[in-house]
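Engineer: Okay, here's the structure, questions in a sec.
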Amino acid sequence: MSRYRNNAAAVQGLVRDDAVHRDVYVSPEIFELEMERLWHNTWIFVGHDSQVPAPGDFYTTDLARQPVIMLRDTDGQVRVLMNRCAHKGARLVSAQAGHCEGGLLRCPYHGWTYRLDGSIRTIPMKAGYDGTGMAESPTGKGVVALPNVVNYRGFVFARLAREGVDFHDYFGDSLTSIDNMVDRAPEGRLEVAGGVLRYMHDCNWKMFIENLNDTMHPMVAHESAAGTAKKLWAGQPDDAPKPMAIEQFLPFVNGYDFFDRMGVRIYENGHSYTGVKFSIHSNYSAVGDYEAALEKAHGAERARAILGEVRHNTVYYPSLTIKGAIQAIRVARPIAPDRTLIESWTFRLAGAPERLLQRTVMYTRLINAPTSVVGHDDRHCYRAIQDGLSTDGNDWVSLHRNYSPGEREHIAGDYNGTSEVSMRGQFRAWARFMTAGATAAEPA
Amino acid sequence: MTSATIDAAALAHFAYEEARLIDEKRFDEWFELFTEDGYYWMPLTRGQPDGINHTSLFYEDKLLLRVRIERLKSPRSFSQHQPSFCQHILQQPAVELADPGQGAWVLRTPFLYVETQLDTQIVLAGVSRLHLVLVDGRLRIRLKKVELLNCDAALPSIQLFP
């Protein structure tokens, strides 16, 4: 059944200013179109360049369900190649990460080898192709290297579509969240550290992405986790030093007013961040001589300004969410309409005390792990939506909170933190890419 | 119980009873098995040196264990409105280290672990190590380290205690 593929008006009709039709979450056809249009034409997070520090290092992942290789070429550039042999199509690299032996990619099936830019280096019994059209065919061009890859301060993004929106036009000033995260490192760079949590979610990817700037849920969904921690800590004297875990749990059950006042900033193209004024990370204990190290690197005033930005979650729509204040990111990898892999990565701030790595390692375990009591209730709610939306009687999901018709003209700007404006902004971008897709969707 | 009377059979008995307390959801009693400085640790990677500088699946001191156990009693643990149940299947524990003089033992127990929630069932395999000490004539857990065979897999929710 094809209800949407050739009907842009029907796709547009799924998104109202203040509500979306349930099909955006449950329809397999819409999911396919999302991969072809939204994820194909936007800038998707691939990985961090510290995962491939030396020429020949590689890391494999999926972009919109397509296996890719991120690697460091001999010239130092980070490239993203389709993980597909030019000959018979075999996935070239099957390890999650590693080093290309001899600086070449070699297919395990027939032994074709490729340089790190994807071009063919050797083919066994090559004379067998003399006089055939292979060299002039797509196969002769070697492994497909994505032409649109940007390494922004270590964060590697790719656009699958050959033509389309420019990286800086797409993200605009939302990149200040990445800037702040990197600026927090006294040496000005981040290194992936502490491992990756891989949590399989049985829900649509958008439920996760929307939740990152949903500030009306923590005090409800996480009452049993953070509220219990709060209760267990309640008997302690005021001046008792709070264990790090308590410090991290307690703000989840702050009141509505706290989350409302923290504010949310909306950018074009679905990007946003909560915590314009402060966030759940604002009152963490100072860490040793970290501030002194940052002052030494940047000067006192600049260091204060950097640490004064304590953003909550920034959404780089549609694939990446970051927490610069604690150097952690979460990446959404859609698999099916009701299946999404969420990866959580943590970082070391180069030149900062290890205590900061220990802090983010604890946070990500408490909040993002498949074993997390916070994660359990989030995942439970996402799945509850997935199930609930299979019911008839009301096809619409409400996004009315603090809606104002003025958003129609201009949505970018600052709003109260509990507004659902971030989701409205996401769906505005969603509808634009999904309906422009009829002409924009083309193979890379 | 004294160091002299703790033999392989007594240690194995302890390991079976420890798993049984979890499987019967007697979490308060299970909690009491841990020393005050005890940890329940499930590393995220093979050969992981510690739970401080690298993310783990569990790295729970008694405070965090208490949070989990009290949460399970909360009527607002939404992910447990349909409750989970679990079953450990243990291979016979092997005594890896016995130091009766210090009152310290390490038991290695390969296991299968099944966790169900109505129609959903997950099966995990791994090796658990109980680091035991003798405190006031009772064996207690200073560290339970659970190494999952597929610690690097994309895992679904694990809601109880493998």
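We name chains A, B, ... following the order of the structure tokens; residues begin at 1 in each chain, and ligands are numbered from 1 as shown.
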Please identify all polymer residues within 12 Å of Val331 in chain A, counting only C-alpha atoms, omitting same-chain residues fewer than 5 positions from it, and present them as JSON, numbers by chain.

Structural biologist: {"A": [44, 45, 46, 47, 48, 61, 62, 63, 157, 196, 197, 198, 199, 200, 205, 206, 208, 209, 212, 314, 315, 316, 317, 318, 319, 320, 321, 322, 323, 340, 341, 342, 343, 344, 345, 346, 368]}

Engineer: Which residues are close to Pro138 in chain A, i.e. within 8 Å by only C-alpha atoms, leaving aside same-chain residues fewer than 4 positions away? Reply as a compact mmCIF listing (two decimals) with N, CA and C atoms, in the first residue's frame.

Structural biologist:
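Full text of selection_35.txt as output:
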# COMPACT_ATOMS: atom_id res chain seq x y z
N ALA A 86 33.11 -2.69 -4.30
CA ALA A 86 32.66 -2.24 -5.62
C ALA A 86 32.34 -3.42 -6.55
N MET A 134 34.29 -2.74 -17.32
CA MET A 134 34.32 -2.59 -15.85
C MET A 134 34.92 -1.26 -15.41
N GLY A 142 35.44 2.36 -7.76
CA GLY A 142 35.83 1.91 -6.42
C GLY A 142 34.71 2.05 -5.40

Engineer: One decimal, in Å: what's the spacing between CA of Arg408 in chain A and CA of Arg5 in chain A?

Structural biologist: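 Between these atoms lies a distance of 25.9 Å.
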
Engineer: Between CA of Leu160 in chain B and CA of Arg66 in chain B, what is the distance in Å, rounded to a tenth?

Structural biologist: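 According to the coordinates, CA of Leu160 in chain B and CA of Arg66 in chain B are separated by 13.0 Å.
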
Engineer: Quick one: which residues from chain B are at most 8 Å off chain A, using only C-alpha atoms, as a ChimeraX atom specification?

Structural biologist: /B:44-45,52-58,64,67-68,70-71,74-79,152-159

Engineer: Would you write out those residues with C-alpha atoms, as a compact mmCIF listing (two decimals), in the first residue's frame?

Structural biologist:
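Saved as part19.txt:
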# COMPACT_ATOMS: atom_id res chain seq x y z
CA LEU B 44 30.55 -3.04 29.90
CA THR B 45 33.65 -4.46 28.20
CA ILE B 52 35.29 4.39 37.82
CA ASN B 53 37.00 5.45 34.62
CA HIS B 54 34.91 3.36 32.26
CA THR B 55 31.16 2.96 31.95
CA SER B 56 29.64 -0.21 33.35
CA LEU B 57 26.19 -1.72 33.12
CA PHE B 58 26.05 -1.88 36.91
CA LEU B 64 22.64 2.65 44.59
CA VAL B 67 17.77 2.96 45.36
CA ARG B 68 17.08 0.07 42.98
CA GLU B 70 13.29 0.67 47.05
CA ARG B 71 12.31 1.73 43.54
CA SER B 74 7.33 1.99 44.41
CA PRO B 75 3.84 1.95 42.89
CA ARG B 76 5.21 4.45 40.37
CA SER B 77 7.88 2.17 38.92
CA PHE B 78 6.07 2.25 35.62
CA SER B 79 8.39 -0.17 33.87
CA ASP B 152 29.01 -5.37 24.00
CA ALA B 153 25.66 -6.20 22.40
CA ALA B 154 22.82 -3.74 21.88
CA LEU B 155 20.84 -4.88 24.89
CA PRO B 156 17.18 -4.44 25.77
CA SER B 157 16.18 -3.35 29.26
CA ILE B 158 17.65 -5.57 31.99
CA GLN B 159 15.49 -4.74 35.00

Engineer: Using Å and a single decimal, report how far CA of Ala158 in chain A sits from CA of Trp43 in chain A.

Structural biologist: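 Between CA of Trp43 in chain A and CA of Ala158 in chain A the gap works out to 5.3 Å.
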
Engineer: Run DSSP on the backbone and tell me which residues of range 45-108 of chain B come out as strand (DSSP E or B); list them as a list in words.

Structural biologist: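 In range 45-108 of chain B, DSSP puts these residues in strand (DSSP E or B): Ser56, Leu57, Phe58, Tyr59, Glu60, Phe85, Cys86, Gln87, His88, Ile89, Leu90, Ala94, Val95, Glu96, Leu97, Ala98, Asp99, Ala104, Trp105, Val106, Leu107 and Arg108 of chain B.
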
Engineer: Restricted to C-alpha atoms, what would the selected residues look like written as an mmCIF file, in the first residue's frame?

Structural biologist:
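Okay, selection_30.cif is ready:
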data_model
loop_
_atom_site.group_PDB
_atom_site.id
_atom_site.type_symbol
_atom_site.label_atom_id
_atom_site.label_comp_id
_atom_site.auth_asym_id
_atom_site.auth_seq_id
_atom_site.Cartn_x
_atom_site.Cartn_y
_atom_site.Cartn_z
ATOM 1 C CA SER B 56 29.642 -0.209 33.349
ATOM 2 C CA LEU B 57 26.188 -1.722 33.122
ATOM 3 C CA PHE B 58 26.048 -1.880 36.914
ATOM 4 C CA TYR B 59 28.523 -0.416 39.359
ATOM 5 C CA GLU B 60 26.356 -0.169 42.424
ATOM 6 C CA PHE B 85 10.738 -12.231 37.041
ATOM 7 C CA CYS B 86 14.099 -13.884 36.770
ATOM 8 C CA GLN B 87 15.812 -17.232 37.106
ATOM 9 C CA HIS B 88 19.498 -17.995 37.510
ATOM 10 C CA ILE B 89 20.794 -21.355 36.350
ATOM 11 C CA LEU B 90 24.212 -21.820 37.916
ATOM 12 C CA ALA B 94 34.616 -23.207 41.614
ATOM 13 C CA VAL B 95 36.727 -21.832 44.435
ATOM 14 C CA GLU B 96 39.251 -19.590 42.686
ATOM 15 C CA LEU B 97 40.851 -18.270 45.805
ATOM 16 C CA ALA B 98 40.681 -19.421 49.401
ATOM 17 C CA ASP B 99 42.496 -17.525 52.118
ATOM 18 C CA ALA B 104 38.532 -14.186 52.081
ATOM 19 C CA TRP B 105 37.341 -16.329 49.199
ATOM 20 C CA VAL B 106 36.572 -15.891 45.489
ATOM 21 C CA LEU B 107 33.980 -18.084 43.810
ATOM 22 C CA ARG B 108 33.638 -18.373 40.058
#

Engineer: Give me, as a PyMOL selection string, the residues of range 29-88 of chain B that a backbone DSSP run labels helix (DSSP H, G or I).

Structural biologist: chain B and resi 29-32+62-73+78-80

Engineer: Residues near Met125 in chain A, anyone? I mean within 12 Å using only C-alpha atoms, not counting same-chain ones fewer than 2 positions away, as a VMD selection string.

Structural biologist: chain A and resid 110 to 112 122 to 123 127 to 130

Engineer: Using the selection just defined, write its residues with C-alpha atoms as a PDB file, in the first residue's frame.

Structural biologist:
ATOM      1  CA  HIS A 110      37.775 -11.907  -3.824  1.00  0.00           C
ATOM      2  CA  GLY A 111      40.611  -9.859  -2.383  1.00  0.00           C
ATOM      3  CA  TRP A 112      40.052  -6.590  -4.217  1.00  0.00           C
ATOM      4  CA  THR A 122      44.602  -4.019  -6.912  1.00  0.00           C
ATOM      5  CA  ILE A 123      42.368  -6.690  -8.396  1.00  0.00           C
ATOM      6  CA  ALA A 127      43.821  -8.824 -17.038  1.00  0.00           C
ATOM      7  CA  GLY A 128      40.481 -10.619 -16.944  1.00  0.00           C
ATOM      8  CA  TYR A 129      38.833  -7.210 -17.081  1.00  0.00           C
ATOM      9  CA  ASP A 130      40.791  -5.976 -20.096  1.00  0.00           C
TER      10      ASP A 130
END

Engineer: Please list as a VMD selection string every residue within 10 Å of Arg46 in chain B, counting only C-alpha atoms and excluding residues in the same chain fewer than 6 positions away.

Structural biologist: chain B and resid 147 to 152

Engineer: Only C-alpha atoms, please: the residues just picked out, written as a compact mmCIF listing (two decimals), in the first residue's frame.

Structural biologist:
# COMPACT_ATOMS: atom_id res chain seq x y z
CA GLU B 147 30.74 -10.59 33.31
CA LEU B 148 28.15 -10.90 30.59
CA LEU B 149 29.09 -12.93 27.55
CA ASN B 150 27.46 -10.32 25.30
CA CYS B 151 28.32 -7.21 27.28
CA ASP B 152 29.01 -5.37 24.00

Engineer: Could you give me, as a ChimeraX atom specification, the residues within 10 Å of range 1-6 of chain B, counting only C-alpha atoms and dropping anything in the same chain fewer than 2 positions from it?

Structural biologist: /B:8-11,98-105,133-139

Engineer: Dump C-alpha atoms for the selected residues as a PDB file, in the first residue's frame?

Structural biologist:
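Generated output (again_2.pdb):
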ATOM      1  CA  ALA B   8      33.872 -25.741  48.997  1.00  0.00           C
ATOM      2  CA  ALA B   9      30.418 -27.088  49.820  1.00  0.00           C
ATOM      3  CA  ALA B  10      29.650 -24.217  52.179  1.00  0.00           C
ATOM      4  CA  LEU B  11      30.823 -21.702  49.579  1.00  0.00           C
ATOM      5  CA  ALA B  98      40.681 -19.421  49.401  1.00  0.00           C
ATOM      6  CA  ASP B  99      42.496 -17.525  52.118  1.00  0.00           C
ATOM      7  CA  PRO B 100      40.992 -18.708  55.402  1.00  0.00           C
ATOM      8  CA  GLY B 101      43.703 -16.835  57.294  1.00  0.00           C
ATOM      9  CA  GLN B 102      42.403 -13.544  55.911  1.00  0.00           C
ATOM     10  CA  GLY B 103      38.822 -14.803  55.833  1.00  0.00           C
ATOM     11  CA  ALA B 104      38.532 -14.186  52.081  1.00  0.00           C
ATOM     12  CA  TRP B 105      37.341 -16.329  49.199  1.00  0.00           C
ATOM     13  CA  VAL B 133      34.636 -12.186  53.391  1.00  0.00           C
ATOM     14  CA  LEU B 134      33.796 -13.486  56.840  1.00  0.00           C
ATOM     15  CA  VAL B 135      32.161 -10.831  59.012  1.00  0.00           C
ATOM     16  CA  ASP B 136      30.969 -11.719  62.512  1.00  0.00           C
ATOM     17  CA  GLY B 137      30.803 -15.387  61.636  1.00  0.00           C
ATOM     18  CA  ARG B 138      28.810 -14.795  58.409  1.00  0.00           C
ATOM     19  CA  LEU B 139      29.929 -14.882  54.798  1.00  0.00           C
TER      20      LEU B 139
END

Engineer: Just want the 7 Å neighbourhood of Asp73 in chain A, counted on only C-alpha atoms, with same-chain residues fewer than 6 positions away dropped. Output as a tab-separated table (two decimals) with N, CA and C atoms, in the first residue's frame.

Structural biologist:
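Result file selection06.tsv:
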chain	number	residue	atom	x	y	z
A	55	PRO	N	46.18	7.53	10.68
A	55	PRO	CA	45.84	7.09	9.32
A	55	PRO	C	45.66	5.57	9.27
A	56	GLY	N	44.58	5.14	8.64
A	56	GLY	CA	44.29	3.71	8.56
A	56	GLY	C	43.33	3.23	9.63
A	79	ARG	N	37.35	10.38	6.36
A	79	ARG	CA	36.44	10.10	5.24
A	79	ARG	C	35.36	9.12	5.68
A	116	LEU	N	42.51	4.28	0.91
A	116	LEU	CA	41.60	4.76	1.95
A	116	LEU	C	40.65	5.84	1.45
A	117	ASP	N	40.85	6.30	0.21
A	117	ASP	CA	39.85	7.21	-0.37
A	117	ASP	C	38.81	6.43	-1.17

Engineer: I want to know what sits within 9 Å of Leu14 in chain A, based on only C-alpha atoms, with residues of the same chain fewer than 3 positions away left out; could you give that as a list of chain:residue names?

Structural biologist: A:Ala9, A:Ala10, A:Val11, A:Ala19, A:Val20, A:His21, A:Arg22, A:Asp23, A:Val24, A:Trp396, A:Ala431

Engineer: Taking only C-alpha atoms into account, which of B:Tyr39, B:Phe34, B:Phe27, B:Phe111 comes nearest Lys73 in chain B?

Structural biologist: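 Nearest candidate to Lys73 in chain B out of B:Tyr39, B:Phe34, B:Phe27, B:Phe111: B:Phe27.
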